[in-house]
Amino acid sequence: MQKGISILSPCGILGYGFPKESFMNAFQENIHGIVVDAGSTDAGPHKLGANVSIVSRRALKKDLSIILECGLKHRIPVIIGSSGGAGAKTHVELTLEVVKEILLEQKRHAKIGIIWADFKQQTIIDALEEGRITPLTPNIPTLTKEKILETKTIVAQMGHEPILKALKQKCDIILCGRSYDPSPFAALGIYHGMDPGLSYHLGKILECGALCAEPGTTKDCILGTLYKHSFTVRALNPIRKCTATSVAAHTFYEKEHPFILHGPGFTLNLENCEFNEISDGVIEVRNSQYIAEEEVRIKLEGARKVAYRTFVIAGIRDPLLINQLEDVEQEVLQQVKNYFNEISDEDYQVNFYHYGKDAVLGDQEPTPFMGHEIGVMFEVLAKDQELANSICANVRSTFLHYGYEGRKSSAGNLAFPYAPSDIEFGPVYEFSIYHLMKITQDPFLLEIVEV
Amino acid sequence: MVKLVEKAKILRSKNAGPFEITLDVLFDEKQVYEEVKNAGILTKEVIADLYNISLDDIHHLVFFDQALGIKITIARKISSGSPGDRDVYGAQQHAPLMNLEL
């Protein structure tokens with residue numbers, strides 16, 4: 001067997017957890033690095049905007065303790081992509097704090113490379129004015145200077161280049177800020193002289209943990225091995241198995257196109273890939289094509305605060321109300337508006353969601369309502385929390401007691417599962433920046449600390 | 001009539017970034033995949049009608065033979081987690097596709 005470069009991916013998101021037995025199974029062979037993705041934008045703009053993590057600190061420490069102990073023992077690099085979830089400064093710093101805590105507890109020393117992915121507002125404003133910013137898809141609103149100034153945290157997804165620098169400096173642990181998910185995996189392959197197309201394609205598969213196996217999960221380990229002209233993937237838990245189709249189909253996952261992937265500075269074309277099972281559960285992949293682009297564009301992500309929310313969840317069981325629910329809600333809103341006539345319409349917004357009827361699909365719901373009860377969730381989004389609370393309290397009391405046409409249940413319209421009924425949510429964010437920025441030099445800074 | 005959900009092994013939706021939702025229909029047998037592909041029931045027009053969106057809002061509709069899968073990517077009307085969004089992960093937007101008749 002030719003010499004390969006083997007990369008262990010413990011799980012799909014650092015802190016999601018993995019069976020330790022699967023993890024240890026990898027070390028029956030020579031492993032060249034442990035790489036784990038910690039990031040995602042799936043959970044919405046709140047993580048980036050409010051600077052909070054996807055996973056708990058407890059879970060982060062639990063997973064990292066196992067990974068660091070093993071990585072340092074075997075003297076192989078541990079690389080974490082999009083540290084802390086959104087990969088901004090606070091997220092990276094939290095991860096660094098936990099890493100230091102573990103090293104202290106395990107009485108170990110390490111050289112840590114930290115790669116920052118934060119961008120100053122002025123940098124983005126300059127790029128905007130120089131015409132270097134484009135929206136990722138046509139439905140993304142045009143970026144303005146005003147929006148940039150309202151966006152407190154801005155990151156960009158890094159490619160393999162800055163991670164490669166950290167590997168060349170022989171870092172034991174590399175904490176990346178926001179990364180293109182496959183980049184930390186690709187960096188390790190490229191560091192060992194492997195083909196960038198194969199390295200990135202393998203990274204795309206490994207970044208989700210064992211999701212490419214059957215049964216698939218992000219909460220288990222997977223092993224990838226790069227060779228000169230191919231790579232292989234296999235599950236590390238005997239209850240899972242990779243198949244040629246499961247690995248081929250994995251490139252579908254949460255990507256806009258099944259075989260054309262856009263990364264920072266390149267396009268990956270997987271149309272002519274071959275997927276073959278070369279031994280039981282070991283899938284070999286060939287022909288992943290890396291096409292370098294002349295102009296390098298990195299993907300910026302930023303979230304700004306747009307409102308404060310207060311919401312109520314209640315059940316409605318009375319068919320007399322259910323039959324005219326939307327009309328009653330409009331009448332309730334009118335009464336609230338009349339009461340707070342000194343408040344401008346622009347300062348708040350009230351939304352109703354009817355769980356059991358069309359809350360998930362909204363006006364795209366094709367199925368007619370046949371149920372006997374509805375879970376109603378109504379929210380007030382306002383310019384500050386006090387206003388959201390005040391208006392929500394008034395919507396709730398008006399709705400609860402509203403005497404709609406033909407009402408017989410004159411004691412109340414809503415079944416609240418909780419007391420208090422009104423839940424203060426806090427700030428609401430939106431992705432205000434999701435644009436490409438043309439760059440001419442690597443903007444991601446590497447910092448090295450030894451502990 | 002046979003429905004798409006009865007033929008597909010995987011039928012799912014998910015965010016492809018915060019501004020798009022991608023619908024995946026995957027099969028475990030080449031013959032079934034080919035049958036659905038050749039039936040011509042998955043077109044941009046059908047998706048536009050099913051999701052009440054314009055043709056411009058369908059960013060991709062691609063058949064990938066090696067993976068026995070079909071991918072459709074559509075624009076989100078409201079970006080993930082913004083005020084008015086109903087499905088932050090976009091994970092339950094596949095339901096209208098399930099009942100498509102072959």
# chains A, B, ... in the order shown; residues from 1 in each chain; ligands from 1
$ select_by_dssp --residues "chain B" --states "strand (DSSP E or B)" --output "list in words"
Lys3, Ile10, Leu11, Arg12, Ser13, Lys14, Asn15, Glu20, Ile21, Thr22, Leu23, Asp24, Val25, Leu26, Ile58, His59, His60, Leu61, Val62, Phe63, Phe64, Gly69, Ile70, Lys71, Ile72, Thr73, Ile74, Ala75 and Glu101 of chain B
$ write_last_selection --atoms "C-alpha atoms" --output "PDB file, in the first residue's frame"
ATOM      1  CA  LYS B   3     -45.734  10.004  -4.853  1.00  0.00           C
ATOM      2  CA  ILE B  10     -33.782  10.877   1.139  1.00  0.00           C
ATOM      3  CA  LEU B  11     -36.032  13.874   0.626  1.00  0.00           C
ATOM      4  CA  ARG B  12     -34.864  16.861   2.640  1.00  0.00           C
ATOM      5  CA  SER B  13     -34.352  20.597   2.813  1.00  0.00           C
ATOM      6  CA  LYS B  14     -31.625  22.652   4.441  1.00  0.00           C
ATOM      7  CA  ASN B  15     -30.048  26.082   4.313  1.00  0.00           C
ATOM      8  CA  GLU B  20     -30.859  30.002   0.066  1.00  0.00           C
ATOM      9  CA  ILE B  21     -32.687  26.776   0.777  1.00  0.00           C
ATOM     10  CA  THR B  22     -31.629  23.617  -0.977  1.00  0.00           C
ATOM     11  CA  LEU B  23     -33.894  20.631  -1.599  1.00  0.00           C
ATOM     12  CA  ASP B  24     -32.268  17.210  -2.051  1.00  0.00           C
ATOM     13  CA  VAL B  25     -33.962  14.158  -3.506  1.00  0.00           C
ATOM     14  CA  LEU B  26     -31.726  11.082  -3.321  1.00  0.00           C
ATOM     15  CA  ILE B  58     -34.785  29.010  -8.499  1.00  0.00           C
ATOM     16  CA  HIS B  59     -31.001  29.297  -8.500  1.00  0.00           C
ATOM     17  CA  HIS B  60     -30.159  25.693  -9.395  1.00  0.00           C
ATOM     18  CA  LEU B  61     -31.919  22.514 -10.506  1.00  0.00           C
ATOM     19  CA  VAL B  62     -29.311  19.849 -11.147  1.00  0.00           C
ATOM     20  CA  PHE B  63     -29.293  16.084 -11.684  1.00  0.00           C
ATOM     21  CA  PHE B  64     -26.092  14.394 -10.447  1.00  0.00           C
ATOM     22  CA  GLY B  69     -29.617  12.640  -6.683  1.00  0.00           C
ATOM     23  CA  ILE B  70     -31.458  15.775  -7.683  1.00  0.00           C
ATOM     24  CA  LYS B  71     -30.748  19.151  -6.125  1.00  0.00           C
ATOM     25  CA  ILE B  72     -32.928  22.228  -6.276  1.00  0.00           C
ATOM     26  CA  THR B  73     -31.758  25.476  -4.690  1.00  0.00           C
ATOM     27  CA  ILE B  74     -34.188  28.326  -4.177  1.00  0.00           C
ATOM     28  CA  ALA B  75     -33.915  31.864  -2.833  1.00  0.00           C
ATOM     29  CA  GLU B 101     -47.029  12.626  -8.249  1.00  0.00           C
TER      30      GLU B 101
END
$ interface_residues --of "chain B" --to "chain A" --cutoff "6 Å" --atoms "only C-alpha atoms" --output "list in words"
Lys14, Asn15, Ala16, Tyr51, Ala67, Thr73, Ser80, Gly81, Ser82, Arg86 and Tyr89 of chain B
$ write_last_selection --atoms "N, CA and C atoms" --output "tab-separated table (two decimals), in the first residue's frame"
chain	number	residue	atom	x	y	z
B	14	LYS	N	-32.61	22.10	3.51
B	14	LYS	CA	-31.62	22.65	4.44
B	14	LYS	C	-31.14	23.98	3.90
B	15	ASN	N	-30.69	24.86	4.78
B	15	ASN	CA	-30.05	26.08	4.31
B	15	ASN	C	-28.83	25.74	3.47
B	16	ALA	N	-28.62	26.50	2.41
B	16	ALA	CA	-27.32	26.50	1.74
B	16	ALA	C	-26.85	27.93	1.93
B	51	TYR	N	-43.84	26.08	-4.79
B	51	TYR	CA	-43.37	26.95	-3.71
B	51	TYR	C	-43.82	28.40	-3.87
B	67	ALA	N	-24.35	10.37	-7.87
B	67	ALA	CA	-24.89	10.33	-6.50
B	67	ALA	C	-26.36	9.92	-6.49
B	73	THR	N	-32.08	24.42	-5.65
B	73	THR	CA	-31.76	25.48	-4.69
B	73	THR	C	-32.59	26.72	-5.00
B	80	SER	N	-32.21	33.47	6.95
B	80	SER	CA	-32.26	32.63	8.15
B	80	SER	C	-32.16	33.44	9.44
B	81	GLY	N	-33.15	33.27	10.32
B	81	GLY	CA	-33.11	33.89	11.64
B	81	GLY	C	-33.50	35.36	11.69
B	82	SER	N	-33.78	35.97	10.52
B	82	SER	CA	-34.19	37.37	10.51
B	82	SER	C	-35.65	37.47	10.92
B	86	ARG	N	-39.41	31.60	9.36
B	86	ARG	CA	-40.19	30.55	10.00
B	86	ARG	C	-39.38	29.28	10.24
B	89	TYR	N	-33.10	26.76	10.24
B	89	TYR	CA	-32.21	25.82	9.55
B	89	TYR	C	-32.73	25.47	8.14
$ residues_around --residues "Val32 (chain B)" --least-positions-apart "4" --cutoff "12 Å" --atoms "only C-alpha atoms" --output "NGL selection string"
:B and (4 or 6-9 or 25-28 or 36-39 or 65 or 68-69 or 102)
$ write_last_selection --atoms "C-alpha atoms" --output "PDB file, in the first residue's frame"
ATOM      1  CA  LEU B   4     -42.125  11.187  -4.947  1.00  0.00           C
ATOM      2  CA  GLU B   6     -42.425   6.778  -1.854  1.00  0.00           C
ATOM      3  CA  LYS B   7     -39.624   6.544  -4.419  1.00  0.00           C
ATOM      4  CA  ALA B   8     -36.931   8.653  -2.741  1.00  0.00           C
ATOM      5  CA  LYS B   9     -34.548   7.367  -0.104  1.00  0.00           C
ATOM      6  CA  VAL B  25     -33.962  14.158  -3.506  1.00  0.00           C
ATOM      7  CA  LEU B  26     -31.726  11.082  -3.321  1.00  0.00           C
ATOM      8  CA  PHE B  27     -32.367   7.517  -4.450  1.00  0.00           C
ATOM      9  CA  ASP B  28     -30.773   4.178  -3.597  1.00  0.00           C
ATOM     10  CA  VAL B  36     -37.864   9.890 -11.836  1.00  0.00           C
ATOM     11  CA  LYS B  37     -35.296  11.835 -13.874  1.00  0.00           C
ATOM     12  CA  ASN B  38     -36.852  10.712 -17.157  1.00  0.00           C
ATOM     13  CA  ALA B  39     -40.420  11.302 -15.991  1.00  0.00           C
ATOM     14  CA  ASP B  65     -25.984  10.858 -11.786  1.00  0.00           C
ATOM     15  CA  LEU B  68     -28.337   9.276  -7.792  1.00  0.00           C
ATOM     16  CA  GLY B  69     -29.617  12.640  -6.683  1.00  0.00           C
ATOM     17  CA  LEU B 102     -45.073  10.516 -10.690  1.00  0.00           C
TER      18      LEU B 102
END
$ closest_residue --among "A:Lys89, A:Pro238, A:Gly406, A:Leu268" --to "Pro319 (chain A)" --atoms "only C-alpha atoms"
A:Gly406
$ residues_around --residues "Asn389 (chain A)" --least-positions-apart "5" --cutoff "9 Å" --atoms "only C-alpha atoms" --output "list in words"
Arg309, Thr310, Phe311, Val380, Ala382, Asp384, Asn394, Asp422, Ile423 and Glu424 of chain A
$ write_last_selection --atoms "N, CA and C atoms" --output "CSV table (one decimal), in the first residue's frame"
chain,number,residue,atom,x,y,z
A,309,ARG,N,-37.2,41.4,20.8
A,309,ARG,CA,-38.4,40.6,20.7
A,309,ARG,C,-39.0,40.2,22.1
A,310,THR,N,-40.3,40.2,22.1
A,310,THR,CA,-41.0,39.5,23.3
A,310,THR,C,-42.1,38.7,22.6
A,311,PHE,N,-42.3,37.4,23.1
A,311,PHE,CA,-43.2,36.6,22.5
A,311,PHE,C,-44.1,35.8,23.5
A,380,VAL,N,-43.7,40.3,19.3
A,380,VAL,CA,-43.6,41.7,19.0
A,380,VAL,C,-42.1,42.0,18.8
A,382,ALA,N,-39.6,45.1,18.4
A,382,ALA,CA,-39.7,46.6,18.5
A,382,ALA,C,-38.3,47.2,18.6
A,384,ASP,N,-36.8,48.8,21.0
A,384,ASP,CA,-36.1,48.5,22.2
A,384,ASP,C,-37.0,47.5,23.0
A,394,ASN,N,-49.9,44.1,25.9
A,394,ASN,CA,-51.2,44.6,25.5
A,394,ASN,C,-51.8,43.7,24.4
A,422,ASP,N,-45.6,36.0,28.9
A,422,ASP,CA,-44.8,36.8,28.0
A,422,ASP,C,-43.3,36.5,28.2
A,423,ILE,N,-42.6,36.1,27.1
A,423,ILE,CA,-41.2,35.7,27.3
A,423,ILE,C,-40.3,36.8,26.6
A,424,GLU,N,-39.5,37.4,27.4
A,424,GLU,CA,-38.6,38.4,26.9
A,424,GLU,C,-37.4,37.7,26.2
$ select_by_dssp --residues "chain B" --states "alpha helix (DSSP H)" --output "PyMOL selection string"
chain B and resi 4-7+30-39+44-51+95-98
$ write_last_selection --atoms "N, CA and C atoms" --output "JSON list (two decimals), in the first residue's frame"
[["chain", "number", "residue", "atom", "x", "y", "z"],
["B", 4, "LEU", "N", -43.59, 11.10, -4.96],
["B", 4, "LEU", "CA", -42.12, 11.19, -4.95],
["B", 4, "LEU", "C", -41.54, 10.64, -3.64],
["B", 5, "VAL", "N", -42.19, 10.92, -2.53],
["B", 5, "VAL", "CA", -41.68, 10.47, -1.23],
["B", 5, "VAL", "C", -41.59, 8.94, -1.14],
["B", 6, "GLU", "N", -42.45, 8.25, -1.89],
["B", 6, "GLU", "CA", -42.43, 6.78, -1.85],
["B", 6, "GLU", "C", -41.23, 6.23, -2.63],
["B", 7, "LYS", "N", -40.73, 7.00, -3.57],
["B", 7, "LYS", "CA", -39.62, 6.54, -4.42],
["B", 7, "LYS", "C", -38.26, 6.96, -3.86],
["B", 30, "LYS", "N", -30.36, 2.95, -9.02],
["B", 30, "LYS", "CA", -30.15, 3.70, -10.27],
["B", 30, "LYS", "C", -31.41, 3.72, -11.12],
["B", 31, "GLN", "N", -32.09, 2.58, -11.15],
["B", 31, "GLN", "CA", -33.29, 2.44, -11.98],
["B", 31, "GLN", "C", -34.39, 3.42, -11.55],
["B", 32, "VAL", "N", -34.57, 3.54, -10.24],
["B", 32, "VAL", "CA", -35.61, 4.43, -9.71],
["B", 32, "VAL", "C", -35.23, 5.89, -9.99],
["B", 33, "TYR", "N", -33.94, 6.20, -9.78],
["B", 33, "TYR", "CA", -33.45, 7.56, -10.06],
["B", 33, "TYR", "C", -33.71, 7.92, -11.52],
["B", 34, "GLU", "N", -33.33, 7.00, -12.42],
["B", 34, "GLU", "CA", -33.51, 7.25, -13.85],
["B", 34, "GLU", "C", -34.99, 7.44, -14.19],
["B", 35, "GLU", "N", -35.82, 6.62, -13.55],
["B", 35, "GLU", "CA", -37.27, 6.69, -13.80],
["B", 35, "GLU", "C", -37.81, 8.08, -13.45],
["B", 36, "VAL", "N", -37.40, 8.57, -12.28],
["B", 36, "VAL", "CA", -37.86, 9.89, -11.84],
["B", 36, "VAL", "C", -37.27, 10.98, -12.73],
["B", 37, "LYS", "N", -35.97, 10.84, -13.03],
["B", 37, "LYS", "CA", -35.30, 11.84, -13.87],
["B", 37, "LYS", "C", -35.99, 11.92, -15.24],
["B", 38, "ASN", "N", -36.27, 10.74, -15.82],
["B", 38, "ASN", "CA", -36.85, 10.71, -17.16],
["B", 38, "ASN", "C", -38.33, 11.07, -17.19],
["B", 39, "ALA", "N", -38.99, 10.97, -16.04],
["B", 39, "ALA", "CA", -40.42, 11.30, -15.99],
["B", 39, "ALA", "C", -40.64, 12.80, -16.25],
["B", 44, "LYS", "N", -38.17, 23.48, -13.33],
["B", 44, "LYS", "CA", -38.22, 24.78, -12.65],
["B", 44, "LYS", "C", -39.66, 25.28, -12.55],
["B", 45, "GLU", "N", -40.45, 25.00, -13.57],
["B", 45, "GLU", "CA", -41.85, 25.46, -13.57],
["B", 45, "GLU", "C", -42.63, 24.78, -12.44],
["B", 46, "VAL", "N", -42.41, 23.49, -12.27],
["B", 46, "VAL", "CA", -43.12, 22.73, -11.24],
["B", 46, "VAL", "C", -42.73, 23.28, -9.85],
["B", 47, "ILE", "N", -41.45, 23.51, -9.65],
["B", 47, "ILE", "CA", -40.97, 24.01, -8.35],
["B", 47, "ILE", "C", -41.52, 25.41, -8.07],
["B", 48, "ALA", "N", -41.51, 26.26, -9.10],
["B", 48, "ALA", "CA", -42.02, 27.62, -8.94],
["B", 48, "ALA", "C", -43.49, 27.58, -8.50],
["B", 49, "ASP", "N", -44.23, 26.69, -9.10],
["B", 49, "ASP", "CA", -45.65, 26.55, -8.79],
["B", 49, "ASP", "C", -45.86, 26.00, -7.37],
["B", 50, "LEU", "N", -45.07, 24.97, -7.05],
["B", 50, "LEU", "CA", -45.19, 24.30, -5.75],
["B", 50, "LEU", "C", -44.84, 25.23, -4.59],
["B", 51, "TYR", "N", -43.84, 26.08, -4.79],
["B", 51, "TYR", "CA", -43.37, 26.95, -3.71],
["B", 51, "TYR", "C", -43.82, 28.40, -3.87],
["B", 95, "ALA", "N", -41.54, 19.56, 2.59],
["B", 95, "ALA", "CA", -42.84, 18.87, 2.61],
["B", 95, "ALA", "C", -43.65, 19.01, 1.31],
["B", 96, "PRO", "N", -43.73, 20.20, 0.70],
["B", 96, "PRO", "CA", -44.53, 20.29, -0.53],
["B", 96, "PRO", "C", -44.04, 19.37, -1.65],
["B", 97, "LEU", "N", -42.75, 19.06, -1.64],
["B", 97, "LEU", "CA", -42.16, 18.22, -2.69],
["B", 97, "LEU", "C", -42.56, 16.74, -2.54],
["B", 98, "MET", "N", -42.86, 16.35, -1.30],
["B", 98, "MET", "CA", -43.13, 14.93, -1.02],
["B", 98, "MET", "C", -44.31, 14.37, -1.82]]
$ closest_residue --among "A:Gly81, A:Gly17, A:Gly4, A:Gly12" --to "Glu29 (chain A)" --atoms "only C-alpha atoms"
A:Gly4
$ atom_distance --atom1 "CA of Leu96 (chain A)" --atom2 "CA of Ile448 (chain A)"
11.7 Å
$ residues_around --residues "region 210-222 of chain A" --least-positions-apart "4" --cutoff "8 Å" --atoms "only C-alpha atoms" --output "list in words"
Leu8, Ser9, Pro10, Cys11, Gly12, Ile13, Tyr16, Gly17, Phe18, Pro19, Ser22, Phe23, Ile205, Leu206, Val233, Arg234, Ala235, Leu236, Asn237, Ile239, Arg240, Lys241, Cys242, Thr243, Ser246, Val247, Ala249 and His250 of chain A
$ write_last_selection --atoms "N, CA and C atoms" --output "compact mmCIF listing (two decimals), in the first residue's frame"
# COMPACT_ATOMS: atom_id res chain seq x y z
N LEU A 8 -8.00 12.43 10.93
CA LEU A 8 -9.12 12.00 11.77
C LEU A 8 -10.05 13.18 12.03
N SER A 9 -11.34 13.00 11.72
CA SER A 9 -12.34 14.00 12.04
C SER A 9 -13.26 13.41 13.11
N PRO A 10 -13.20 13.95 14.34
CA PRO A 10 -13.95 13.32 15.43
C PRO A 10 -15.47 13.52 15.34
N CYS A 11 -15.91 14.70 14.89
CA CYS A 11 -17.36 14.96 14.84
C CYS A 11 -17.63 16.17 13.95
N GLY A 12 -18.88 16.40 13.67
CA GLY A 12 -19.28 17.45 12.72
C GLY A 12 -19.16 18.86 13.26
N ILE A 13 -19.39 19.01 14.56
CA ILE A 13 -19.17 20.31 15.22
C ILE A 13 -18.51 20.02 16.56
N TYR A 16 -20.25 18.62 19.79
CA TYR A 16 -21.41 17.75 19.52
C TYR A 16 -21.21 16.37 20.16
N GLY A 17 -19.93 16.04 20.44
CA GLY A 17 -19.63 14.76 21.09
C GLY A 17 -19.39 13.64 20.09
N PHE A 18 -18.66 12.58 20.55
CA PHE A 18 -18.36 11.41 19.71
C PHE A 18 -18.03 10.26 20.64
N PRO A 19 -18.28 9.00 20.20
CA PRO A 19 -17.90 7.86 21.03
C PRO A 19 -16.37 7.74 21.09
N SER A 22 -14.70 4.99 18.93
CA SER A 22 -14.51 5.29 17.50
C SER A 22 -13.23 6.09 17.31
N PHE A 23 -13.06 7.07 18.19
CA PHE A 23 -11.89 7.96 18.12
C PHE A 23 -10.60 7.15 18.28
N ILE A 205 -15.98 16.36 2.85
CA ILE A 205 -16.62 15.15 3.38
C ILE A 205 -16.39 15.03 4.90
N LEU A 206 -15.13 15.26 5.33
CA LEU A 206 -14.79 15.04 6.74
C LEU A 206 -15.39 16.08 7.68
N VAL A 233 -12.14 7.10 2.30
CA VAL A 233 -12.91 7.48 3.48
C VAL A 233 -13.45 6.20 4.11
N ARG A 234 -13.39 6.12 5.44
CA ARG A 234 -14.06 4.99 6.09
C ARG A 234 -14.55 5.38 7.48
N ALA A 235 -15.63 4.74 7.91
CA ALA A 235 -16.19 5.00 9.23
C ALA A 235 -15.34 4.31 10.28
N LEU A 236 -15.32 4.85 11.49
CA LEU A 236 -14.50 4.27 12.56
C LEU A 236 -15.34 3.55 13.61
N ASN A 237 -16.64 3.60 13.44
CA ASN A 237 -17.53 2.90 14.36
C ASN A 237 -18.13 1.71 13.59
N ILE A 239 -20.74 0.20 13.74
CA ILE A 239 -22.18 0.24 13.42
C ILE A 239 -22.47 1.08 12.16
N ARG A 240 -21.45 1.76 11.64
CA ARG A 240 -21.65 2.58 10.43
C ARG A 240 -20.76 2.09 9.30
N LYS A 241 -21.19 2.41 8.07
CA LYS A 241 -20.41 1.99 6.93
C LYS A 241 -20.57 3.02 5.81
N CYS A 242 -19.47 3.32 5.15
CA CYS A 242 -19.55 4.20 3.98
C CYS A 242 -19.86 3.36 2.75
N THR A 243 -20.65 3.92 1.84
CA THR A 243 -20.86 3.27 0.54
C THR A 243 -20.49 4.28 -0.53
N SER A 246 -23.23 6.79 -0.67
CA SER A 246 -23.35 7.69 0.49
C SER A 246 -22.26 8.75 0.47
N VAL A 247 -21.07 8.39 0.00
CA VAL A 247 -19.97 9.37 -0.07
C VAL A 247 -20.20 10.33 -1.25
N ALA A 249 -23.05 11.15 -2.50
CA ALA A 249 -24.21 11.99 -2.20
C ALA A 249 -23.90 13.04 -1.15
N HIS A 250 -22.81 12.84 -0.41
CA HIS A 250 -22.53 13.79 0.67
C HIS A 250 -22.28 15.20 0.19
$ residues_around --residues "Leu188 (chain A)" --least-positions-apart "4" --cutoff "9 Å" --atoms "only C-alpha atoms" --output "list of chain:residue names"
A:Ile5, A:Ile7, A:His32, A:Gly33, A:Val35, A:Pro77, A:Ile79, A:His160, A:Ile163, A:Leu164, A:Leu167, A:Ser183, A:Pro184, A:His192, A:Gly193, A:Met194, A:Ser199
